[in-house]
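Data from run-v3.csv: CSV, N, CA and C atoms
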chain,number,residue,atom,x,y,z
A,18,MET,N,-19.1,-16.7,3.9
A,18,MET,CA,-18.3,-15.5,3.8
A,18,MET,C,-18.8,-14.6,2.6
A,19,LEU,N,-19.1,-15.2,1.5
A,19,LEU,CA,-19.7,-14.4,0.4
A,19,LEU,C,-21.0,-13.7,0.7
A,20,ARG,N,-21.8,-14.4,1.5
A,20,ARG,CA,-23.1,-13.9,1.9
A,20,ARG,C,-22.8,-12.6,2.7
A,21,LYS,N,-21.9,-12.7,3.7
A,21,LYS,CA,-21.6,-11.5,4.5
A,21,LYS,C,-21.1,-10.4,3.7
A,22,MET,N,-20.2,-10.7,2.7
A,22,MET,CA,-19.7,-9.6,1.8
A,22,MET,C,-20.8,-9.0,1.1
A,23,GLY,N,-21.8,-9.8,0.6
A,23,GLY,CA,-22.9,-9.3,-0.2
A,23,GLY,C,-23.8,-8.4,0.7
A,24,GLU,N,-23.9,-8.8,2.0
A,24,GLU,CA,-24.7,-8.0,2.9
A,24,GLU,C,-24.1,-6.6,3.2
A,25,ALA,N,-22.7,-6.7,3.3
A,25,ALA,CA,-22.0,-5.4,3.5
A,25,ALA,C,-22.1,-4.5,2.3
A,26,VAL,N,-22.0,-5.0,1.1
A,26,VAL,CA,-22.1,-4.2,-0.1
A,26,VAL,C,-23.5,-3.6,-0.2
A,27,ALA,N,-24.5,-4.4,0.1
A,27,ALA,CA,-25.9,-3.9,0.1
A,27,ALA,C,-26.1,-2.8,1.1
A,28,ARG,N,-25.5,-3.0,2.3
A,28,ARG,CA,-25.6,-2.0,3.4
A,28,ARG,C,-25.0,-0.6,2.9
A,29,VAL,N,-23.9,-0.7,2.3
A,29,VAL,CA,-23.2,0.5,1.7
A,29,VAL,C,-24.1,1.2,0.7
A,30,ALA,N,-24.6,0.4,-0.3
A,30,ALA,CA,-25.5,0.9,-1.3
A,30,ALA,C,-26.8,1.5,-0.7
A,31,ARG,N,-27.3,0.9,0.3
A,31,ARG,CA,-28.5,1.4,0.9
A,31,ARG,C,-28.3,2.8,1.6
A,32,LYS,N,-27.1,2.9,2.3
A,32,LYS,CA,-26.8,4.1,3.0
A,32,LYS,C,-26.5,5.2,2.0
A,33,VAL,N,-25.8,4.9,0.9
A,33,VAL,CA,-25.5,5.9,-0.1
A,33,VAL,C,-26.8,6.4,-0.8
A,34,ASN,N,-27.6,5.5,-1.1
A,34,ASN,CA,-28.9,5.9,-1.7
A,34,ASN,C,-29.8,6.7,-0.8
A,35,GLU,N,-29.8,6.4,0.5
A,35,GLU,CA,-30.5,7.2,1.4
A,35,GLU,C,-30.0,8.7,1.4
A,36,THR,N,-28.7,8.8,1.4
A,36,THR,CA,-28.1,10.2,1.4
A,36,THR,C,-28.5,10.9,0.2
A,37,VAL,N,-28.4,10.3,-1.0
A,37,VAL,CA,-28.7,10.9,-2.3
A,37,VAL,C,-30.2,11.3,-2.3
A,38,GLU,N,-31.1,10.4,-2.0
A,38,GLU,CA,-32.5,10.6,-2.1
A,38,GLU,C,-33.0,11.6,-1.1
A,39,SER,N,-32.4,11.7,0.1
A,39,SER,CA,-32.9,12.6,1.1
A,39,SER,C,-32.2,14.0,1.0
A,40,GLY,N,-31.1,14.1,0.2
A,40,GLY,CA,-30.4,15.3,0.1
A,40,GLY,C,-29.7,15.7,1.4
A,41,SER,N,-29.4,14.7,2.2
A,41,SER,CA,-28.8,14.9,3.5
A,41,SER,C,-27.4,15.4,3.3
A,42,ASP,N,-26.9,16.1,4.4
A,42,ASP,CA,-25.5,16.6,4.4
A,42,ASP,C,-24.6,15.6,5.1
A,43,THR,N,-25.1,14.4,5.4
A,43,THR,CA,-24.4,13.4,6.2
A,43,THR,C,-24.4,12.1,5.4
A,44,LEU,N,-23.2,11.5,5.3
A,44,LEU,CA,-23.0,10.2,4.7
A,44,LEU,C,-22.5,9.3,5.8
A,45,ASP,N,-23.4,8.4,6.2
A,45,ASP,CA,-23.0,7.5,7.4
A,45,ASP,C,-22.7,6.1,6.8
A,46,LEU,N,-21.4,5.8,6.8
A,46,LEU,CA,-20.9,4.5,6.4
A,46,LEU,C,-20.3,3.7,7.5
A,47,ALA,N,-20.8,4.0,8.7
A,47,ALA,CA,-20.2,3.3,9.9
A,47,ALA,C,-20.6,1.8,9.9
A,48,GLU,N,-19.7,1.0,10.4
A,48,GLU,CA,-19.9,-0.4,10.5
A,48,GLU,C,-20.3,-1.1,9.2
A,49,CYS,N,-19.6,-0.8,8.1
A,49,CYS,CA,-19.9,-1.4,6.8
A,49,CYS,C,-18.7,-2.3,6.4
A,50,LYS,N,-17.8,-2.6,7.3
A,50,LYS,CA,-16.7,-3.5,7.0
A,50,LYS,C,-15.8,-3.0,5.8
A,51,LEU,N,-15.7,-1.7,5.6
A,51,LEU,CA,-14.9,-1.1,4.5
A,51,LEU,C,-13.4,-1.3,4.8
A,52,VAL,N,-12.7,-1.6,3.8
A,52,VAL,CA,-11.2,-1.6,3.9
A,52,VAL,C,-10.7,-0.4,3.1
A,53,SER,N,-11.5,0.1,2.2
A,53,SER,CA,-11.2,1.3,1.5
A,53,SER,C,-12.5,2.0,1.1
A,54,PHE,N,-12.4,3.2,0.6
A,54,PHE,CA,-13.6,3.9,0.3
A,54,PHE,C,-14.0,3.5,-1.1
A,55,PRO,N,-15.1,2.9,-1.3
A,55,PRO,CA,-15.5,2.3,-2.6
A,55,PRO,C,-15.5,3.3,-3.8
A,56,ILE,N,-14.8,3.0,-4.8
A,56,ILE,CA,-14.7,3.9,-6.0
A,56,ILE,C,-16.1,4.3,-6.6
A,57,GLY,N,-17.0,3.3,-6.6
A,57,GLY,CA,-18.3,3.5,-7.2
A,57,GLY,C,-19.1,4.6,-6.5
A,58,ILE,N,-18.8,4.8,-5.2
A,58,ILE,CA,-19.6,5.8,-4.5
A,58,ILE,C,-19.4,7.2,-5.0
A,59,TYR,N,-18.2,7.5,-5.6
A,59,TYR,CA,-17.9,8.8,-6.1
A,59,TYR,C,-18.9,9.1,-7.3
A,60,LYS,N,-19.2,8.1,-8.1
A,60,LYS,CA,-20.1,8.3,-9.2
A,60,LYS,C,-21.5,8.5,-8.8
A,61,VAL,N,-21.9,7.7,-7.8
A,61,VAL,CA,-23.3,7.9,-7.3
A,61,VAL,C,-23.5,9.2,-6.6
A,62,LEU,N,-22.5,9.7,-5.9
A,62,LEU,CA,-22.6,10.9,-5.2
A,62,LEU,C,-22.3,12.2,-5.9
A,63,ARG,N,-21.9,12.0,-7.2
A,63,ARG,CA,-21.3,13.2,-7.9
A,63,ARG,C,-22.2,14.4,-7.9
A,64,ASN,N,-23.5,14.3,-7.8
A,64,ASN,CA,-24.3,15.5,-7.8
A,64,ASN,C,-24.6,16.1,-6.5
A,65,VAL,N,-24.2,15.4,-5.4
A,65,VAL,CA,-24.4,15.9,-4.1
A,65,VAL,C,-23.2,16.0,-3.2
A,66,THR,N,-22.0,15.8,-3.7
A,66,THR,CA,-20.8,15.9,-2.9
A,66,THR,C,-20.6,17.3,-2.3
A,67,ASP,N,-21.1,18.3,-2.9
A,67,ASP,CA,-20.9,19.7,-2.4
A,67,ASP,C,-21.6,19.9,-1.1
A,68,GLN,N,-22.8,19.2,-0.9
A,68,GLN,CA,-23.6,19.4,0.3
A,68,GLN,C,-23.2,18.4,1.4
A,69,ILE,N,-22.3,17.5,1.2
A,69,ILE,CA,-22.0,16.6,2.3
A,69,ILE,C,-20.9,17.2,3.2
A,70,HIS,N,-21.3,17.4,4.5
A,70,HIS,CA,-20.4,18.0,5.4
A,70,HIS,C,-19.9,17.1,6.5
A,71,LEU,N,-20.5,15.9,6.6
A,71,LEU,CA,-20.1,15.0,7.6
A,71,LEU,C,-20.1,13.6,7.0
A,72,ILE,N,-19.0,12.9,7.2
A,72,ILE,CA,-18.9,11.5,6.7
A,72,ILE,C,-18.5,10.7,7.9
A,73,THR,N,-19.3,9.7,8.3
A,73,THR,CA,-19.0,8.8,9.4
A,73,THR,C,-18.5,7.5,8.8
A,74,LEU,N,-17.2,7.2,9.2
A,74,LEU,CA,-16.6,5.9,8.8
A,74,LEU,C,-16.2,5.1,10.0
A,75,ALA,N,-16.8,5.3,11.1
A,75,ALA,CA,-16.5,4.6,12.3
A,75,ALA,C,-16.7,3.1,12.2
A,76,ASN,N,-15.9,2.3,12.9
A,76,ASN,CA,-16.0,0.9,13.0
A,76,ASN,C,-15.9,0.2,11.7
A,77,ASN,N,-14.9,0.6,10.9
A,77,ASN,CA,-14.6,-0.1,9.6
A,77,ASN,C,-13.2,-0.6,9.7
A,78,GLU,N,-12.7,-1.1,8.7
A,78,GLU,CA,-11.3,-1.7,8.7
A,78,GLU,C,-10.5,-1.0,7.6
A,79,LEU,N,-10.6,0.4,7.6
A,79,LEU,CA,-10.0,1.2,6.6
A,79,LEU,C,-8.5,1.1,6.7
A,80,LYS,N,-7.8,0.9,5.5
A,80,LYS,CA,-6.4,0.9,5.5
A,80,LYS,C,-5.8,2.2,4.9
A,81,SER,N,-6.6,2.9,4.1
A,81,SER,CA,-6.2,4.2,3.6
A,81,SER,C,-7.4,4.9,2.9
A,82,LEU,N,-7.2,6.2,2.8
A,82,LEU,CA,-8.2,7.0,2.0
A,82,LEU,C,-7.3,7.7,1.0
A,83,THR,N,-7.8,7.6,-0.3
A,83,THR,CA,-7.0,8.2,-1.4
A,83,THR,C,-7.2,9.7,-1.5
A,84,SER,N,-6.3,10.3,-2.3
A,84,SER,CA,-6.4,11.7,-2.5
A,84,SER,C,-7.7,12.1,-3.1
A,85,LYS,N,-8.3,11.2,-3.9
A,85,LYS,CA,-9.6,11.4,-4.5
A,85,LYS,C,-10.7,11.7,-3.4
A,86,PHE,N,-10.6,10.9,-2.3
A,86,PHE,CA,-11.5,11.2,-1.2
A,86,PHE,C,-11.4,12.6,-0.7
A,87,MET,N,-10.2,13.0,-0.5
A,87,MET,CA,-9.9,14.4,0.1
A,87,MET,C,-10.3,15.5,-0.9
A,88,THR,N,-10.1,15.3,-2.2
A,88,THR,CA,-10.5,16.3,-3.2
A,88,THR,C,-12.0,16.3,-3.4
A,89,THR,N,-12.6,15.1,-3.4
A,89,THR,CA,-14.1,15.1,-3.6
A,89,THR,C,-14.8,15.7,-2.5
A,90,PHE,N,-14.4,15.4,-1.3
A,90,PHE,CA,-15.1,15.9,-0.1
A,90,PHE,C,-14.3,17.0,0.6
A,91,SER,N,-14.0,18.0,-0.2
A,91,SER,CA,-13.2,19.1,0.3
A,91,SER,C,-14.0,20.1,1.2
A,92,GLN,N,-15.2,19.8,1.5
A,92,GLN,CA,-16.0,20.7,2.3
A,92,GLN,C,-16.3,20.2,3.7
A,93,LEU,N,-15.6,19.1,4.1
A,93,LEU,CA,-15.9,18.5,5.4
A,93,LEU,C,-15.5,19.5,6.5
A,94,ARG,N,-16.2,19.5,7.6
A,94,ARG,CA,-16.0,20.5,8.7
A,94,ARG,C,-15.5,19.8,9.9
A,95,ASP,N,-16.0,18.7,10.3
A,95,ASP,CA,-15.6,18.0,11.5
A,95,ASP,C,-14.7,16.9,11.3
A,96,VAL,N,-13.6,16.8,12.0
A,96,VAL,CA,-12.6,15.8,11.9
A,96,VAL,C,-12.5,15.1,13.3
A,97,PRO,N,-12.6,13.8,13.3
A,97,PRO,CA,-12.6,13.0,14.6
A,97,PRO,C,-11.1,13.0,15.1
A,98,VAL,N,-10.6,14.1,15.6
A,98,VAL,CA,-9.2,14.2,16.0
A,98,VAL,C,-8.8,13.1,16.9
A,99,GLU,N,-9.6,12.7,17.9
A,99,GLU,CA,-9.3,11.7,18.9
A,99,GLU,C,-9.1,10.4,18.2
A,100,LYS,N,-9.9,10.1,17.2
A,100,LYS,CA,-9.8,8.8,16.5
A,100,LYS,C,-8.5,8.8,15.6
A,101,LEU,N,-8.2,9.9,15.0
A,101,LEU,CA,-7.0,10.0,14.2
A,101,LEU,C,-5.8,9.8,15.1
A,102,ALA,N,-5.8,10.4,16.2
A,102,ALA,CA,-4.7,10.4,17.1
A,102,ALA,C,-4.4,8.9,17.6
A,103,ALA,N,-5.4,8.1,17.6
A,103,ALA,CA,-5.3,6.7,18.0
A,103,ALA,C,-4.9,5.8,16.9
A,104,MET,N,-4.5,6.3,15.7
A,104,MET,CA,-4.1,5.5,14.6
A,104,MET,C,-2.6,5.5,14.5
A,105,PRO,N,-1.9,4.4,15.0
A,105,PRO,CA,-0.5,4.4,15.1
A,105,PRO,C,0.2,4.4,13.8
A,106,ALA,N,-0.4,3.9,12.7
A,106,ALA,CA,0.3,3.8,11.4
A,106,ALA,C,0.1,5.1,10.6
A,107,LEU,N,-0.8,6.0,11.0
A,107,LEU,CA,-1.1,7.2,10.2
A,107,LEU,C,0.1,8.1,10.2
A,108,ARG,N,0.5,8.5,9.1
A,108,ARG,CA,1.7,9.4,9.0
A,108,ARG,C,1.4,10.8,8.5
A,109,SER,N,0.3,10.9,7.7
A,109,SER,CA,0.0,12.3,7.2
A,109,SER,C,-1.5,12.3,6.8
A,110,ILE,N,-2.1,13.5,6.9
A,110,ILE,CA,-3.4,13.7,6.4
A,110,ILE,C,-3.5,15.1,5.9
A,111,ASN,N,-4.0,15.2,4.7
A,111,ASN,CA,-4.1,16.6,4.1
A,111,ASN,C,-5.6,17.0,4.1
A,112,LEU,N,-5.8,18.0,4.9
A,112,LEU,CA,-7.2,18.6,5.1
A,112,LEU,C,-7.2,20.0,4.6
A,113,ARG,N,-6.3,20.4,3.8
A,113,ARG,CA,-6.3,21.8,3.3
A,113,ARG,C,-7.5,22.1,2.5
A,114,PHE,N,-7.9,23.4,2.7
A,114,PHE,CA,-9.1,23.9,2.0
A,114,PHE,C,-10.4,23.3,2.4
A,115,ASN,N,-10.4,22.8,3.6
A,115,ASN,CA,-11.7,22.3,4.2
A,115,ASN,C,-12.0,23.3,5.3
A,116,PRO,N,-13.3,23.7,5.4
A,116,PRO,CA,-13.7,24.7,6.4
A,116,PRO,C,-13.8,24.1,7.8
A,117,LEU,N,-12.7,23.7,8.3
A,117,LEU,CA,-12.6,23.0,9.6
A,117,LEU,C,-13.1,23.9,10.7
A,118,ASN,N,-13.8,23.4,11.7
A,118,ASN,CA,-14.3,24.2,12.8
A,118,ASN,C,-13.1,24.6,13.7
A,119,ALA,N,-13.3,25.6,14.5
A,119,ALA,CA,-12.3,26.2,15.3
A,119,ALA,C,-11.8,25.1,16.3
A,120,GLU,N,-12.7,24.3,16.8
A,120,GLU,CA,-12.3,23.3,17.8
A,120,GLU,C,-11.3,22.3,17.3
A,121,VAL,N,-11.5,21.9,16.0
A,121,VAL,CA,-10.5,21.0,15.4
A,121,VAL,C,-9.1,21.7,15.3
A,122,ARG,N,-9.1,22.9,15.0
A,122,ARG,CA,-7.8,23.7,14.8
A,122,ARG,C,-7.1,23.8,16.1
A,123,VAL,N,-7.8,23.9,17.2
A,123,VAL,CA,-7.2,24.0,18.6
A,123,VAL,C,-6.8,22.7,19.2
A,124,ILE,N,-7.7,21.7,19.1
A,124,ILE,CA,-7.5,20.4,19.7
A,124,ILE,C,-6.4,19.6,18.9
A,125,ALA,N,-6.5,19.6,17.6
A,125,ALA,CA,-5.6,18.7,16.8
A,125,ALA,C,-4.1,18.8,17.1
A,126,PRO,N,-3.5,19.9,17.0
A,126,PRO,CA,-2.0,20.0,17.1
A,126,PRO,C,-1.4,19.3,18.3
A,127,PRO,N,-1.9,19.5,19.5
A,127,PRO,CA,-1.2,18.8,20.6
A,127,PRO,C,-1.5,17.3,20.7
A,128,LEU,N,-2.6,16.8,20.1
A,128,LEU,CA,-3.0,15.4,20.2
A,128,LEU,C,-2.3,14.5,19.1
A,129,ILE,N,-2.1,15.0,17.9
A,129,ILE,CA,-1.6,14.2,16.8
A,129,ILE,C,-0.1,14.0,16.8
A,130,LYS,N,0.3,12.9,16.3
A,130,LYS,CA,1.7,12.5,16.2
A,130,LYS,C,2.1,12.4,14.7
A,131,PHE,N,1.3,12.9,13.8
A,131,PHE,CA,1.5,12.8,12.4
A,131,PHE,C,1.4,14.2,11.8
A,132,ASN,N,1.7,14.3,10.5
A,132,ASN,CA,1.6,15.6,9.8
A,132,ASN,C,0.2,15.8,9.4
A,133,MET,N,-0.4,16.9,9.9
A,133,MET,CA,-1.8,17.3,9.5
A,133,MET,C,-1.7,18.6,8.8
A,134,LEU,N,-2.0,18.6,7.5
A,134,LEU,CA,-1.9,19.8,6.7
A,134,LEU,C,-3.3,20.5,6.7
A,135,MET,N,-3.3,21.8,7.2
A,135,MET,CA,-4.5,22.6,7.2
A,135,MET,C,-4.2,23.9,6.6
A,136,SER,N,-5.2,24.5,5.9
A,136,SER,CA,-5.1,25.9,5.4
A,136,SER,C,-5.4,26.9,6.5
A,137,ALA,N,-5.0,28.1,6.3
A,137,ALA,CA,-5.4,29.1,7.2
A,137,ALA,C,-6.9,29.3,7.2
A,138,GLU,N,-7.4,29.6,8.4
A,138,GLU,CA,-8.9,29.7,8.5
A,138,GLU,C,-9.5,30.7,7.4
A,139,GLY,N,-10.5,30.2,6.7
A,139,GLY,CA,-11.1,31.0,5.7
A,139,GLY,C,-10.4,31.0,4.4
A,140,ALA,N,-9.3,30.3,4.2
A,140,ALA,CA,-8.6,30.2,3.0
A,140,ALA,C,-9.4,29.5,1.9
A,141,ARG,N,-9.3,29.9,0.7
A,141,ARG,CA,-10.0,29.3,-0.4
A,141,ARG,C,-9.0,28.6,-1.4
A,142,PRO,N,-9.5,27.5,-2.0
A,142,PRO,CA,-8.6,26.8,-2.9
A,142,PRO,C,-8.3,27.7,-4.1
A,143,PRO,N,-7.2,27.5,-4.8
A,143,PRO,CA,-7.0,28.3,-6.0
A,143,PRO,C,-8.0,27.9,-7.1
A,144,PRO,N,-8.3,28.8,-8.0
A,144,PRO,CA,-9.3,28.4,-9.1
A,144,PRO,C,-8.7,27.3,-9.9
A,145,PRO,N,-9.6,26.4,-10.5
A,145,PRO,CA,-9.2,25.3,-11.3
A,145,PRO,C,-8.5,25.7,-12.6
Rendering of file as structure tokens:
Amino acid sequence: MLRKMGEAVARVARKVNETVESGSDTLDLAECKLVSFPIGIYKVLRNVTDQIHLITLANNELKSLTSKFMTTFSQLRDVPVEKLAAMPALRSINLRFNPLNAEVRVIAPPLIKFNMLMSAEGARPPPP
């Protein structure tokens, strides 16, 4: 079991390093056996978070995403609405001040059974 955990950690580290080194706008953490978003990733990605527009977290075992995730990656554009709609325990998701694409804005409201907070299209966050 420890070996599998070590392999999962190494996989996450490899994928994060690939994103940083390539300057990619995508962070692919699919199938990494994550139960939460690793705190250490924020530090490693601190210089490139502005350019990340797509994060793939498919096929993990996530229990929650913290507010730090939402504030760090406030530039995400695509939201997997169908996947969110299939999460029976999800009660709320705050996506305000993300430049969500028009499709998400149209598809999301009828599909979701939870509170999804979005800003008006083109809204900008208040200055810090």
Sort by chain and increasing residue number a table of all residues of stretch 49-113 of chain A within 8 Å of stretch 25-40 of chain A, each with its closest pair of atoms and their distance in Å to one decimal, counting only C-alpha atoms, and write it as JSON lines.
{"residue": "A:Cys49", "atom": "CA", "partner": "A:Ala25", "partner_atom": "CA", "distance": 5.6}
{"residue": "A:Lys50", "atom": "CA", "partner": "A:Ala25", "partner_atom": "CA", "distance": 6.6}
{"residue": "A:Ile58", "atom": "CA", "partner": "A:Val33", "partner_atom": "CA", "distance": 7.4}
{"residue": "A:Val61", "atom": "CA", "partner": "A:Val33", "partner_atom": "CA", "distance": 7.8}
{"residue": "A:Leu62", "atom": "CA", "partner": "A:Val37", "partner_atom": "CA", "distance": 6.8}
{"residue": "A:Val65", "atom": "CA", "partner": "A:Val37", "partner_atom": "CA", "distance": 6.8}
{"residue": "A:Gln68", "atom": "CA", "partner": "A:Gly40", "partner_atom": "CA", "distance": 7.9}
- Message: Between A:Leu117, A:Val123, A:Ala106, A:Leu74, which residue has the minimum interatomic distance to A:Leu93, considering all atoms listed in the file?
- Response: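 Using all atoms listed in the file, the shortest distance to A:Leu93 belongs to A:Leu117.
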- Please indicate the distance in Å from atom N of A:Ile69 to atom C of A:Ala125, rounded to one decimal place.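 The value is 24.2 Å.
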- Could you please determine the separation between atom N of A:Asp45 and atom CA of A:Pro105 in Å, to one decimal place?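 Distance reported for this atom pair: 24.9 Å.
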- Quote the spacing between atom CA of A:Asn118 and atom CA of A:Ile56 in Å to one decimal place. 27.7 Å
- Item | Exercise: residues within 7 Å of coordinate (-13.5, 6.0, 0.3), counting only C-alpha atoms, as a PyMOL selection string | chain A and resi 53-56+82+86
Can you tell me, as a PDB file with N, CA and C atoms, keeping the file's coordinate frame, which residues sit within 5 Å of (-23.9, 15.0, 3.3) in the file's frame, using only N, CA and C atoms?
ATOM      1  N   SER A  41     -29.400  14.700   2.200  1.00  0.00           N
ATOM      2  CA  SER A  41     -28.800  14.900   3.500  1.00  0.00           C
ATOM      3  C   SER A  41     -27.400  15.400   3.300  1.00  0.00           C
ATOM      4  N   ASP A  42     -26.900  16.100   4.400  1.00  0.00           N
ATOM      5  CA  ASP A  42     -25.500  16.600   4.400  1.00  0.00           C
ATOM      6  C   ASP A  42     -24.600  15.600   5.100  1.00  0.00           C
ATOM      7  N   THR A  43     -25.100  14.400   5.400  1.00  0.00           N
ATOM      8  CA  THR A  43     -24.400  13.400   6.200  1.00  0.00           C
ATOM      9  C   THR A  43     -24.400  12.100   5.400  1.00  0.00           C
ATOM     10  N   LEU A  44     -23.200  11.500   5.300  1.00  0.00           N
ATOM     11  CA  LEU A  44     -23.000  10.200   4.700  1.00  0.00           C
ATOM     12  C   LEU A  44     -22.500   9.300   5.800  1.00  0.00           C
ATOM     13  N   GLN A  68     -22.800  19.200  -0.900  1.00  0.00           N
ATOM     14  CA  GLN A  68     -23.600  19.400   0.300  1.00  0.00           C
ATOM     15  C   GLN A  68     -23.200  18.400   1.400  1.00  0.00           C
ATOM     16  N   ILE A  69     -22.300  17.500   1.200  1.00  0.00           N
ATOM     17  CA  ILE A  69     -22.000  16.600   2.300  1.00  0.00           C
ATOM     18  C   ILE A  69     -20.900  17.200   3.200  1.00  0.00           C
ATOM     19  N   HIS A  70     -21.300  17.400   4.500  1.00  0.00           N
ATOM     20  CA  HIS A  70     -20.400  18.000   5.400  1.00  0.00           C
ATOM     21  C   HIS A  70     -19.900  17.100   6.500  1.00  0.00           C
ATOM     22  N   LEU A  71     -20.500  15.900   6.600  1.00  0.00           N
ATOM     23  CA  LEU A  71     -20.100  15.000   7.600  1.00  0.00           C
ATOM     24  C   LEU A  71     -20.100  13.600   7.000  1.00  0.00           C
TER      25      LEU A  71
END
- Task: From a DSSP pass on the backbone, collect the residues of stretch 45-121 of chain A flagged as strand (DSSP E or B) and hand them back as a list of chain:residue names.
- Result: A:Asp45, A:Leu71, A:Ile72, A:Thr73, A:Ser109, A:Ile110, A:Asn111
Could you write stretch 29-36 of chain A as an mmCIF file, in the coordinates of the input, with all heavy atoms rebuilt where they are missing?
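The resulting file, out00.cif, is reproduced below:
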data_model
loop_
_atom_site.group_PDB
_atom_site.id
_atom_site.type_symbol
_atom_site.label_atom_id
_atom_site.label_comp_id
_atom_site.auth_asym_id
_atom_site.auth_seq_id
_atom_site.Cartn_x
_atom_site.Cartn_y
_atom_site.Cartn_z
ATOM 1 N N VAL A 29 -23.900 -0.700 2.300
ATOM 2 C CA VAL A 29 -23.200 0.500 1.700
ATOM 3 C C VAL A 29 -24.100 1.200 0.700
ATOM 4 O O VAL A 29 -24.412 2.380 0.725
ATOM 5 C CB VAL A 29 -21.837 0.256 1.164
ATOM 6 C CG1 VAL A 29 -21.304 1.447 0.390
ATOM 7 C CG2 VAL A 29 -20.875 -0.135 2.270
ATOM 8 N N ALA A 30 -24.600 0.400 -0.300
ATOM 9 C CA ALA A 30 -25.500 0.900 -1.300
ATOM 10 C C ALA A 30 -26.800 1.500 -0.700
ATOM 11 O O ALA A 30 -27.169 2.618 -1.168
ATOM 12 C CB ALA A 30 -25.877 -0.239 -2.269
ATOM 13 N N ARG A 31 -27.300 0.900 0.300
ATOM 14 C CA ARG A 31 -28.500 1.400 0.900
ATOM 15 C C ARG A 31 -28.300 2.800 1.600
ATOM 16 O O ARG A 31 -29.016 3.751 1.387
ATOM 17 C CB ARG A 31 -29.091 0.426 1.908
ATOM 18 C CG ARG A 31 -30.438 0.775 2.484
ATOM 19 C CD ARG A 31 -31.018 -0.337 3.356
ATOM 20 N NE ARG A 31 -30.127 -0.800 4.413
ATOM 21 C CZ ARG A 31 -29.448 -1.941 4.404
ATOM 22 N NH1 ARG A 31 -29.545 -2.771 3.390
ATOM 23 N NH2 ARG A 31 -28.675 -2.279 5.411
ATOM 24 N N LYS A 32 -27.100 2.900 2.300
ATOM 25 C CA LYS A 32 -26.800 4.100 3.000
ATOM 26 C C LYS A 32 -26.500 5.200 2.000
ATOM 27 O O LYS A 32 -26.897 6.392 2.220
ATOM 28 C CB LYS A 32 -25.645 3.883 3.927
ATOM 29 C CG LYS A 32 -26.034 3.062 5.136
ATOM 30 C CD LYS A 32 -24.863 2.911 6.080
ATOM 31 C CE LYS A 32 -25.329 2.378 7.422
ATOM 32 N NZ LYS A 32 -24.450 2.778 8.500
ATOM 33 N N VAL A 33 -25.800 4.900 0.900
ATOM 34 C CA VAL A 33 -25.500 5.900 -0.100
ATOM 35 C C VAL A 33 -26.800 6.400 -0.800
ATOM 36 O O VAL A 33 -26.975 7.629 -0.923
ATOM 37 C CB VAL A 33 -24.475 5.397 -1.117
ATOM 38 C CG1 VAL A 33 -24.333 6.341 -2.301
ATOM 39 C CG2 VAL A 33 -23.114 5.164 -0.458
ATOM 40 N N ASN A 34 -27.600 5.500 -1.100
ATOM 41 C CA ASN A 34 -28.900 5.900 -1.700
ATOM 42 C C ASN A 34 -29.800 6.700 -0.800
ATOM 43 O O ASN A 34 -30.401 7.688 -1.257
ATOM 44 C CB ASN A 34 -29.694 4.638 -2.181
ATOM 45 C CG ASN A 34 -29.102 4.002 -3.415
ATOM 46 O OD1 ASN A 34 -28.426 4.656 -4.201
ATOM 47 N ND2 ASN A 34 -29.336 2.713 -3.579
ATOM 48 N N GLU A 35 -29.800 6.400 0.500
ATOM 49 C CA GLU A 35 -30.500 7.200 1.400
ATOM 50 C C GLU A 35 -30.000 8.700 1.400
ATOM 51 O O GLU A 35 -30.778 9.618 1.486
ATOM 52 C CB GLU A 35 -30.400 6.632 2.843
ATOM 53 C CG GLU A 35 -31.209 5.382 3.054
ATOM 54 C CD GLU A 35 -30.911 4.695 4.396
ATOM 55 O OE1 GLU A 35 -30.150 5.242 5.222
ATOM 56 O OE2 GLU A 35 -31.427 3.579 4.599
ATOM 57 N N THR A 36 -28.700 8.800 1.400
ATOM 58 C CA THR A 36 -28.100 10.200 1.400
ATOM 59 C C THR A 36 -28.500 10.900 0.200
ATOM 60 O O THR A 36 -28.890 12.095 0.232
ATOM 61 C CB THR A 36 -26.544 10.072 1.505
ATOM 62 O OG1 THR A 36 -26.206 9.449 2.735
ATOM 63 C CG2 THR A 36 -25.901 11.440 1.435
#
